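Listing of data-v3.cif; format and content: mmCIF, C-alpha atoms, pLDDT in the B column; chains and numbers go by the auth columns.
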```
data_upload
loop_
_atom_site.group_PDB
_atom_site.id
_atom_site.type_symbol
_atom_site.label_atom_id
_atom_site.label_comp_id
_atom_site.label_asym_id
_atom_site.label_seq_id
_atom_site.Cartn_x
_atom_site.Cartn_y
_atom_site.Cartn_z
_atom_site.B_iso_or_equiv
_atom_site.auth_seq_id
_atom_site.auth_asym_id
ATOM 1 C CA MET A 1 7.135 -12.542 3.334 85.00 1 A
ATOM 2 C CA PHE A 2 5.141 -9.311 3.159 91.00 2 A
ATOM 3 C CA LEU A 3 1.703 -10.936 3.425 91.00 3 A
ATOM 4 C CA ASP A 4 2.625 -12.738 6.634 91.00 4 A
ATOM 5 C CA ARG A 5 4.199 -9.635 8.149 91.00 5 A
ATOM 6 C CA VAL A 6 1.258 -7.385 7.327 93.00 6 A
ATOM 7 C CA LYS A 7 -1.149 -9.894 8.847 91.00 7 A
ATOM 8 C CA GLU A 8 0.716 -9.472 12.133 91.00 8 A
ATOM 9 C CA SER A 9 -0.530 -5.908 12.541 94.00 9 A
ATOM 10 C CA ARG A 10 -3.151 -5.410 9.798 96.00 10 A
ATOM 11 C CA VAL A 11 -1.985 -1.776 9.479 98.00 11 A
ATOM 12 C CA ILE A 12 0.225 -0.103 6.881 98.00 12 A
ATOM 13 C CA ALA A 13 1.567 3.374 7.585 98.00 13 A
ATOM 14 C CA SER A 14 1.199 5.929 4.793 98.00 14 A
ATOM 15 C CA ILE A 15 4.151 8.252 5.256 98.00 15 A
ATOM 16 C CA LYS A 16 3.634 11.707 3.769 97.00 16 A
ATOM 17 C CA GLU A 17 6.188 13.840 5.627 97.00 17 A
ATOM 18 C CA PRO A 18 9.869 13.215 6.436 97.00 18 A
ATOM 19 C CA ARG A 19 9.287 13.653 10.183 96.00 19 A
ATOM 20 C CA GLN A 20 6.954 10.635 10.081 98.00 20 A
ATOM 21 C CA LEU A 21 9.833 8.298 9.179 98.00 21 A
ATOM 22 C CA GLU A 22 11.240 8.394 12.722 97.00 22 A
ATOM 23 C CA GLU A 23 7.790 8.153 14.244 97.00 23 A
ATOM 24 C CA PHE A 24 7.004 5.101 12.124 98.00 24 A
ATOM 25 C CA VAL A 25 10.085 3.102 13.139 98.00 25 A
ATOM 26 C CA GLU A 26 9.067 3.533 16.783 97.00 26 A
ATOM 27 C CA THR A 27 5.810 1.614 16.128 96.00 27 A
ATOM 28 C CA ASP A 28 5.086 -2.109 15.858 95.00 28 A
ATOM 29 C CA ILE A 29 3.828 -1.664 12.281 96.00 29 A
ATOM 30 C CA LYS A 30 6.061 -3.494 9.796 96.00 30 A
ATOM 31 C CA ALA A 31 5.042 -1.936 6.469 98.00 31 A
ATOM 32 C CA ALA A 32 4.865 1.556 5.011 98.00 32 A
ATOM 33 C CA PHE A 33 3.784 3.280 1.854 98.00 33 A
ATOM 34 C CA LEU A 34 6.084 6.196 1.028 98.00 34 A
ATOM 35 C CA LEU A 35 4.152 9.060 -0.544 96.00 35 A
ATOM 36 C CA LEU A 36 7.003 11.527 -0.327 95.00 36 A
ATOM 37 C CA GLY A 37 10.514 12.160 -1.470 93.00 37 A
ATOM 38 C CA ASN A 38 12.145 12.632 -4.821 93.00 38 A
ATOM 39 C CA LEU A 39 14.891 11.045 -6.844 90.00 39 A
ATOM 40 C CA THR A 40 17.639 12.519 -4.652 93.00 40 A
ATOM 41 C CA VAL A 41 16.343 11.270 -1.265 96.00 41 A
ATOM 42 C CA ILE A 42 14.156 8.245 -1.877 96.00 42 A
ATOM 43 C CA LYS A 43 16.947 5.658 -1.606 97.00 43 A
ATOM 44 C CA ARG A 44 17.993 7.132 1.733 98.00 44 A
ATOM 45 C CA TYR A 45 14.392 6.853 3.001 98.00 45 A
ATOM 46 C CA VAL A 46 14.071 3.262 1.784 98.00 46 A
ATOM 47 C CA ASP A 47 17.436 2.262 3.268 98.00 47 A
ATOM 48 C CA PHE A 48 16.520 3.864 6.592 98.00 48 A
ATOM 49 C CA LEU A 49 13.256 1.933 6.843 98.00 49 A
ATOM 50 C CA LYS A 50 14.793 -1.324 5.667 98.00 50 A
ATOM 51 C CA SER A 51 17.545 -0.943 8.287 98.00 51 A
ATOM 52 C CA HIS A 52 14.690 -1.053 10.814 98.00 52 A
ATOM 53 C CA ASN A 53 13.364 -4.283 9.264 97.00 53 A
ATOM 54 C CA ARG A 54 10.344 -2.672 7.575 98.00 54 A
ATOM 55 C CA ASP A 55 8.686 -3.422 4.248 98.00 55 A
ATOM 56 C CA VAL A 56 8.720 -0.304 2.077 98.00 56 A
ATOM 57 C CA PHE A 57 6.446 0.456 -0.870 98.00 57 A
ATOM 58 C CA LEU A 58 6.956 3.489 -3.075 97.00 58 A
ATOM 59 C CA HIS A 59 3.869 5.177 -4.415 95.00 59 A
ATOM 60 C CA ILE A 60 5.474 5.606 -7.799 92.00 60 A
ATOM 61 C CA GLU A 61 3.264 8.475 -8.981 90.00 61 A
ATOM 62 C CA LYS A 62 4.072 10.542 -5.877 89.00 62 A
ATOM 63 C CA ILE A 63 7.847 10.584 -6.368 88.00 63 A
ATOM 64 C CA PRO A 64 9.085 13.334 -8.686 87.00 64 A
ATOM 65 C CA GLY A 65 12.072 12.576 -10.876 85.00 65 A
ATOM 66 C CA ILE A 66 11.239 8.931 -11.596 83.00 66 A
ATOM 67 C CA SER A 67 9.634 8.085 -14.912 79.00 67 A
ATOM 68 C CA TYR A 68 6.625 5.783 -14.968 80.00 68 A
ATOM 69 C CA ASP A 69 8.052 3.357 -17.515 83.00 69 A
ATOM 70 C CA ARG A 70 10.149 0.179 -17.703 86.00 70 A
ATOM 71 C CA GLU A 71 13.449 2.051 -17.258 89.00 71 A
ATOM 72 C CA GLY A 72 12.142 3.937 -14.232 89.00 72 A
ATOM 73 C CA LEU A 73 11.003 0.661 -12.685 92.00 73 A
ATOM 74 C CA LYS A 74 14.381 -0.949 -13.400 93.00 74 A
ATOM 75 C CA PHE A 75 16.076 1.939 -11.606 93.00 75 A
ATOM 76 C CA ILE A 76 13.753 1.588 -8.624 95.00 76 A
ATOM 77 C CA ALA A 77 14.127 -2.202 -8.411 96.00 77 A
ATOM 78 C CA ARG A 78 17.896 -2.306 -8.879 96.00 78 A
ATOM 79 C CA HIS A 79 19.092 0.854 -7.127 96.00 79 A
ATOM 80 C CA VAL A 80 16.427 1.991 -4.666 97.00 80 A
ATOM 81 C CA GLN A 81 15.357 -1.586 -3.806 98.00 81 A
ATOM 82 C CA PRO A 82 12.023 -1.138 -2.039 98.00 82 A
ATOM 83 C CA THR A 83 9.852 -4.132 -1.209 98.00 83 A
ATOM 84 C CA GLY A 84 7.481 -2.996 -3.917 98.00 84 A
ATOM 85 C CA ILE A 85 5.430 -0.218 -5.413 98.00 85 A
ATOM 86 C CA VAL A 86 1.959 1.238 -5.163 97.00 86 A
ATOM 87 C CA THR A 87 0.455 2.422 -8.435 96.00 87 A
ATOM 88 C CA THR A 88 -2.847 3.377 -10.002 94.00 88 A
ATOM 89 C CA LYS A 89 -1.516 2.472 -13.448 93.00 89 A
ATOM 90 C CA SER A 90 -2.240 -1.012 -14.793 92.00 90 A
ATOM 91 C CA SER A 91 0.540 -0.597 -17.338 91.00 91 A
ATOM 92 C CA LEU A 92 3.133 -0.532 -14.529 94.00 92 A
ATOM 93 C CA VAL A 93 1.939 -3.679 -12.753 96.00 93 A
ATOM 94 C CA THR A 94 3.384 -6.228 -15.182 93.00 94 A
ATOM 95 C CA ALA A 95 6.634 -4.333 -15.674 93.00 95 A
ATOM 96 C CA ALA A 96 7.169 -3.974 -11.924 96.00 96 A
ATOM 97 C CA LYS A 97 6.475 -7.653 -11.307 96.00 97 A
ATOM 98 C CA LYS A 98 9.058 -8.552 -13.968 95.00 98 A
ATOM 99 C CA GLU A 99 11.573 -6.557 -11.921 95.00 99 A
ATOM 100 C CA GLY A 100 10.763 -8.631 -8.834 96.00 100 A
ATOM 101 C CA LEU A 101 8.758 -5.958 -7.028 97.00 101 A
ATOM 102 C CA ILE A 102 5.570 -6.662 -5.095 98.00 102 A
ATOM 103 C CA VAL A 103 2.834 -4.557 -6.668 98.00 103 A
ATOM 104 C CA ILE A 104 -0.146 -2.958 -4.968 98.00 104 A
ATOM 105 C CA GLN A 105 -2.628 -1.518 -7.449 98.00 105 A
ATOM 106 C CA ARG A 106 -4.826 1.287 -6.148 97.00 106 A
ATOM 107 C CA LEU A 107 -8.445 1.389 -7.214 96.00 107 A
ATOM 108 C CA PHE A 108 -10.449 4.532 -6.552 95.00 108 A
ATOM 109 C CA LEU A 109 -14.092 3.585 -5.973 93.00 109 A
ATOM 110 C CA ILE A 110 -15.709 6.686 -7.394 93.00 110 A
ATOM 111 C CA ASP A 111 -18.601 4.895 -9.090 95.00 111 A
ATOM 112 C CA SER A 112 -19.781 1.500 -10.361 94.00 112 A
ATOM 113 C CA ASP A 113 -17.945 1.865 -13.663 96.00 113 A
ATOM 114 C CA ALA A 114 -14.642 2.635 -11.925 95.00 114 A
ATOM 115 C CA LEU A 115 -15.072 -0.451 -9.771 95.00 115 A
ATOM 116 C CA LYS A 116 -15.988 -2.669 -12.732 95.00 116 A
ATOM 117 C CA ASN A 117 -13.157 -1.388 -14.924 96.00 117 A
ATOM 118 C CA GLY A 118 -10.647 -1.561 -12.073 95.00 118 A
ATOM 119 C CA LEU A 119 -11.509 -5.176 -11.321 96.00 119 A
ATOM 120 C CA GLU A 120 -11.325 -6.134 -14.996 96.00 120 A
ATOM 121 C CA SER A 121 -7.923 -4.512 -15.260 96.00 121 A
ATOM 122 C CA ALA A 122 -6.707 -6.204 -12.074 96.00 122 A
ATOM 123 C CA GLU A 123 -7.779 -9.600 -13.342 96.00 123 A
ATOM 124 C CA GLN A 124 -5.730 -9.010 -16.509 97.00 124 A
ATOM 125 C CA VAL A 125 -2.519 -7.709 -14.911 97.00 125 A
ATOM 126 C CA GLN A 126 -2.728 -9.594 -11.585 97.00 126 A
ATOM 127 C CA PRO A 127 -1.216 -7.217 -9.017 98.00 127 A
ATOM 128 C CA ASP A 128 -0.138 -8.876 -5.782 98.00 128 A
ATOM 129 C CA PHE A 129 -2.620 -6.746 -3.819 98.00 129 A
ATOM 130 C CA LEU A 130 -5.457 -4.316 -4.502 98.00 130 A
ATOM 131 C CA GLU A 131 -5.814 -1.179 -2.426 98.00 131 A
ATOM 132 C CA LEU A 132 -9.410 0.027 -2.404 97.00 132 A
ATOM 133 C CA MET A 133 -9.917 3.712 -1.794 97.00 133 A
ATOM 134 C CA PRO A 134 -11.562 5.285 0.066 95.00 134 A
ATOM 135 C CA GLY A 135 -11.346 2.944 3.013 94.00 135 A
ATOM 136 C CA VAL A 136 -14.597 4.144 4.542 93.00 136 A
ATOM 137 C CA VAL A 137 -16.714 1.902 2.303 91.00 137 A
ATOM 138 C CA PRO A 138 -16.194 -1.504 3.926 91.00 138 A
ATOM 139 C CA HIS A 139 -19.363 -2.923 2.375 91.00 139 A
ATOM 140 C CA LEU A 140 -17.594 -2.853 -1.003 94.00 140 A
ATOM 141 C CA ILE A 141 -14.864 -5.166 0.291 96.00 141 A
ATOM 142 C CA ASP A 142 -17.389 -8.033 0.318 92.00 142 A
ATOM 143 C CA HIS A 143 -18.316 -7.267 -3.276 92.00 143 A
ATOM 144 C CA VAL A 144 -14.701 -7.140 -4.454 96.00 144 A
ATOM 145 C CA LYS A 145 -13.755 -10.339 -2.590 95.00 145 A
ATOM 146 C CA LYS A 146 -16.494 -12.194 -4.504 94.00 146 A
ATOM 147 C CA LYS A 147 -14.962 -11.035 -7.792 94.00 147 A
ATOM 148 C CA THR A 148 -11.251 -11.689 -7.170 96.00 148 A
ATOM 149 C CA ASP A 149 -8.827 -13.687 -5.050 96.00 149 A
ATOM 150 C CA ILE A 150 -6.324 -10.817 -4.958 97.00 150 A
ATOM 151 C CA PRO A 151 -5.753 -9.770 -1.313 97.00 151 A
ATOM 152 C CA ILE A 152 -7.310 -6.426 -0.420 98.00 152 A
ATOM 153 C CA ILE A 153 -5.842 -3.461 1.402 98.00 153 A
ATOM 154 C CA THR A 154 -8.065 -0.476 2.008 97.00 154 A
ATOM 155 C CA GLY A 155 -7.254 3.094 2.910 97.00 155 A
ATOM 156 C CA GLY A 156 -8.149 6.719 2.462 96.00 156 A
ATOM 157 C CA LEU A 157 -10.346 8.940 4.629 96.00 157 A
ATOM 158 C CA ILE A 158 -9.898 6.635 7.619 96.00 158 A
ATOM 159 C CA GLN A 159 -10.672 8.689 10.729 95.00 159 A
ATOM 160 C CA ASN A 160 -10.740 6.189 13.572 95.00 160 A
ATOM 161 C CA ARG A 161 -9.962 2.700 14.772 95.00 161 A
ATOM 162 C CA ARG A 162 -13.529 1.433 14.355 95.00 162 A
ATOM 163 C CA GLN A 163 -13.429 2.175 10.606 96.00 163 A
ATOM 164 C CA MET A 164 -10.226 0.144 10.400 96.00 164 A
ATOM 165 C CA GLU A 165 -11.753 -2.734 12.358 95.00 165 A
ATOM 166 C CA LYS A 166 -14.822 -2.775 10.089 96.00 166 A
ATOM 167 C CA ALA A 167 -12.591 -3.079 7.009 96.00 167 A
ATOM 168 C CA ILE A 168 -10.749 -6.053 8.526 96.00 168 A
ATOM 169 C CA GLU A 169 -14.016 -7.657 9.634 95.00 169 A
ATOM 170 C CA ARG A 170 -15.310 -7.363 6.051 95.00 170 A
ATOM 171 C CA GLY A 171 -12.256 -9.153 4.663 95.00 171 A
ATOM 172 C CA ALA A 172 -9.485 -6.630 4.081 97.00 172 A
ATOM 173 C CA THR A 173 -6.005 -7.994 4.705 96.00 173 A
ATOM 174 C CA ALA A 174 -4.830 -4.616 6.015 97.00 174 A
ATOM 175 C CA VAL A 175 -5.712 -0.940 6.275 98.00 175 A
ATOM 176 C CA SER A 176 -3.384 1.880 5.239 98.00 176 A
ATOM 177 C CA THR A 177 -3.514 5.219 6.997 97.00 177 A
ATOM 178 C CA GLY A 178 -1.510 8.404 7.233 97.00 178 A
ATOM 179 C CA ARG A 179 -2.946 9.209 10.659 97.00 179 A
ATOM 180 C CA THR A 180 -0.060 8.512 12.994 96.00 180 A
ATOM 181 C CA HIS A 181 -2.273 7.997 16.050 95.00 181 A
ATOM 182 C CA LEU A 182 -3.730 4.952 14.245 96.00 182 A
ATOM 183 C CA TRP A 183 -0.338 3.319 13.641 97.00 183 A
ATOM 184 C CA LYS A 184 -1.058 0.541 16.118 95.00 184 A
ATOM 185 C CA PRO A 185 -1.640 -3.147 15.336 94.00 185 A
ATOM 186 C CA LEU A 186 -5.170 -4.438 14.836 90.00 186 A
ATOM 187 C CA VAL A 187 -4.222 -7.973 15.786 70.00 187 A
ATOM 188 C CA GLU A 188 -7.259 -8.498 17.983 57.00 188 A
ATOM 189 C CA VAL A 189 -9.577 -8.084 14.977 50.00 189 A
ATOM 190 C CA THR A 190 -10.232 -11.271 13.022 47.00 190 A
ATOM 191 C CA GLN A 191 -11.900 -11.756 9.695 43.00 191 A
#
```

What would you get if you wrote out this structure as structure tokens?
Amino acid sequence: MFLDRVKESRVIASIKEPRQLEEFVETDIKAAFLLLGNLTVIKRYVDFLKSHNRDVFLHIEKIPGISYDREGLKFIARHVQPTGIVTTKSSLVTAAKKEGLIVIQRLFLIDSDALKNGLESAEQVQPDFLELMPGVVPHLIDHVKKKTDIPIITGGLIQNRRQMEKAIERGATAVSTGRTHLWKPLVEVTQ
């Protein structure tokens, strides 16, 4: 199960360049967000990572050639077969869950209204996880945890290991990062 596996390392790799695929499978991290590819290569990327026993999440809005609707999600679930998706769009959460995908909904914490509206939306559509961005605001994790039971991932603008540790200490389940030098487990950090 994804939640158990991600708790083993507390880190999710955000893969933004093809060369990072090989680098990722050499780590002890078991989950990745794919923020690259297109319709012609994405299945190959997913199959490669799954062949290395990794959980793979497609950031649906970052993959050209796939429509952001029910038919696009059916194609992803049935043909590409990732573990799940990452999306900023509430309208995709329910449809993706109906297709058996784990859904991580990204919330950008740009102001109080964005946070309030994002949490209201999440409570309605019930994603499996929330990803709070940017990840350098760990004090907001406490606030969000008081408002919802949805597990929290945080990421974005993470520069160093201490920022990651602070997010875990404040209650995040995991931290996502595209910085390859940070693709090391945080197992020694406890909530």

Hey, which bits of region 117-142 of chain A sit within 7 Å of region 146-156 of chain A, and for each residue what's the closest pair of atoms and how far apart in Å (one decimal), counting only C-alpha atoms, rows by chain and increasing number, as a Markdown table?
```
| residue | atom | partner | partner_atom | distance |
| --- | --- | --- | --- | --- |
| A:Asp128 | CA | A:Ile150 | CA | 6.5 |
| A:Phe129 | CA | A:Pro151 | CA | 5.0 |
| A:Leu130 | CA | A:Ile152 | CA | 5.0 |
| A:Glu131 | CA | A:Ile153 | CA | 4.5 |
| A:Leu132 | CA | A:Thr154 | CA | 4.6 |
| A:Met133 | CA | A:Gly155 | CA | 5.4 |
| A:Pro134 | CA | A:Gly156 | CA | 4.4 |
| A:Gly135 | CA | A:Gly155 | CA | 4.1 |
| A:Asp142 | CA | A:Lys146 | CA | 6.4 |
```

Inset, instruction - Check the smallest atom-to-atom distance from each of A:Ser67, A:Glu120, A:Lys89, A:Arg10 to Lys166 (chain A) using only C-alpha atoms, then report the winner. - result: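 For Lys166 (chain A), the nearest of the given residues is A:Arg10.
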
Inset, instruction - Kindly give the distance, in Å, that separates CA of Arg162 (chain A) and CA of Pro18 (chain A), rounded to a single decimal. - result: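 Those two atoms sit 27.4 Å apart.
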
Legend entry - Selection under test: the PyMOL selection byres ((chain A and resi 43) around 9); residues as a list in words: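 Applied to this file, the PyMOL selection byres ((chain A and resi 43) around 9) selects Leu39, Thr40, Val41, Ile42, Arg44, Tyr45, Val46, Asp47, Phe48, Ile76, His79, Val80, Gln81 and Pro82 of chain A.
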
Legend entry - Result set of the PyMOL selection byres ((chain A and resi 110) around 12) on the coordinates above, as a count of residues only: 17

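Closest approach to His139 (chain A) from the set A:Glu61, A:Glu169, A:Asp55, A:Glu123 is made by A:Glu169, with distances taken over all atoms listed in the file.
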
Inset, instruction - Return the single residue from A:Phe57, A:Glu26, A:Ala95, A:Thr88 that is closest to Ala122 (chain A), with distances computed using all atoms listed in the file. - result: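 Going through A:Phe57, A:Glu26, A:Ala95, A:Thr88 one by one, the smallest distance to Ala122 (chain A) is for A:Thr88.
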
Legend entry - Pairwise distance for CA of Lys30 (chain A) and CA of Phe2 (chain A), rounded to one decimal in Å: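 CA of Phe2 (chain A) lies at a distance of 8.9 Å from CA of Lys30 (chain A).
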
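When CA of Gly171 (chain A) is paired with CA of Glu23 (chain A), their separation reads 28.2 Å.
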
Find the residues of region 25-137 of chain A that sit at most 7 Å from region 179-186 of chain A; for each, write down the nearest two atoms and how far apart they are in Å, to one decimal. Count only C-alpha atoms. Sort by chain, then by number going up, and give it as a Markdown table.
```
| residue | atom | partner | partner_atom | distance |
| --- | --- | --- | --- | --- |
| A:Thr27 | CA | A:Trp183 | CA | 6.8 |
| A:Asp28 | CA | A:Lys184 | CA | 6.7 |
| A:Ile29 | CA | A:Pro185 | CA | 6.4 |
```

Write out the residues from the selection above, keeping C-alpha atoms, as a PDB file, in the frame of the given file.
```pdb
ATOM      1  CA  THR A  27       5.810   1.614  16.128  1.00 96.00           C
ATOM      2  CA  ASP A  28       5.086  -2.109  15.858  1.00 95.00           C
ATOM      3  CA  ILE A  29       3.828  -1.664  12.281  1.00 96.00           C
TER       4      ILE A  29
END
```

Inset, instruction - Identify which of the residues A:Ile104, A:Leu3, A:Leu36, A:Val125 lies closest to Arg19 (chain A), counting only C-alpha atoms when measuring atom-to-atom distances. - result: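 Counting only C-alpha atoms, the residue closest to Arg19 (chain A) is A:Leu36.
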
Legend entry - For Ile158 (chain A), the nearest of the candidates A:Leu119, A:Gln124, A:Thr177, A:Leu73, counting all atoms listed in the file: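 Selected residue with least distance to Ile158 (chain A): A:Thr177.
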
Inset, instruction - Run the PyMOL selection byres ((chain A and resi 97) around 10) on the file and write out the hits as number ranges by chain. - result: A: 73, 77, 84-85, 92-96, 98-103, 125-128

Starting from the incomplete input, reconstruct N, CA, C and O atoms of region 33-44 of chain A and write that as a short mmCIF file (atom, residue, chain, number, x, y, z; two decimals), in the coordinates of the input.
```
data_model
loop_
_atom_site.label_atom_id
_atom_site.label_comp_id
_atom_site.auth_asym_id
_atom_site.auth_seq_id
_atom_site.Cartn_x
_atom_site.Cartn_y
_atom_site.Cartn_z
N PHE A 33 3.86 2.71 3.19
CA PHE A 33 3.78 3.28 1.85
C PHE A 33 4.46 4.64 1.94
O PHE A 33 4.08 5.46 2.78
N LEU A 34 5.44 4.88 1.09
CA LEU A 34 6.08 6.20 1.03
C LEU A 34 5.40 7.03 -0.04
O LEU A 34 5.42 6.67 -1.22
N LEU A 35 4.82 8.14 0.36
CA LEU A 35 4.15 9.06 -0.54
C LEU A 35 4.88 10.39 -0.51
O LEU A 35 4.27 11.45 -0.54
N LEU A 36 6.19 10.33 -0.41
CA LEU A 36 7.00 11.53 -0.33
C LEU A 36 8.37 11.24 -0.91
O LEU A 36 8.70 10.11 -1.24
N GLY A 37 9.14 12.30 -0.99
CA GLY A 37 10.51 12.16 -1.47
C GLY A 37 10.64 12.53 -2.93
O GLY A 37 9.68 12.93 -3.59
N ASN A 38 11.85 12.40 -3.42
CA ASN A 38 12.14 12.63 -4.82
C ASN A 38 13.35 11.78 -5.17
O ASN A 38 13.87 11.04 -4.32
N LEU A 39 13.80 11.89 -6.37
CA LEU A 39 14.89 11.04 -6.84
C LEU A 39 16.15 11.16 -5.99
O LEU A 39 16.87 10.19 -5.80
N THR A 40 16.39 12.32 -5.40
CA THR A 40 17.64 12.52 -4.65
C THR A 40 17.60 11.95 -3.23
O THR A 40 18.65 11.69 -2.65
N VAL A 41 16.42 11.73 -2.65
CA VAL A 41 16.34 11.27 -1.26
C VAL A 41 15.66 9.92 -1.07
O VAL A 41 15.76 9.34 0.01
N ILE A 42 15.00 9.42 -2.08
CA ILE A 42 14.16 8.24 -1.88
C ILE A 42 14.95 7.01 -1.46
O ILE A 42 14.51 6.24 -0.61
N LYS A 43 16.14 6.82 -2.01
CA LYS A 43 16.95 5.66 -1.61
C LYS A 43 17.32 5.76 -0.13
O LYS A 43 17.29 4.76 0.59
N ARG A 44 17.66 6.94 0.32
CA ARG A 44 17.99 7.13 1.73
C ARG A 44 16.80 6.78 2.62
O ARG A 44 16.96 6.12 3.65
#
```
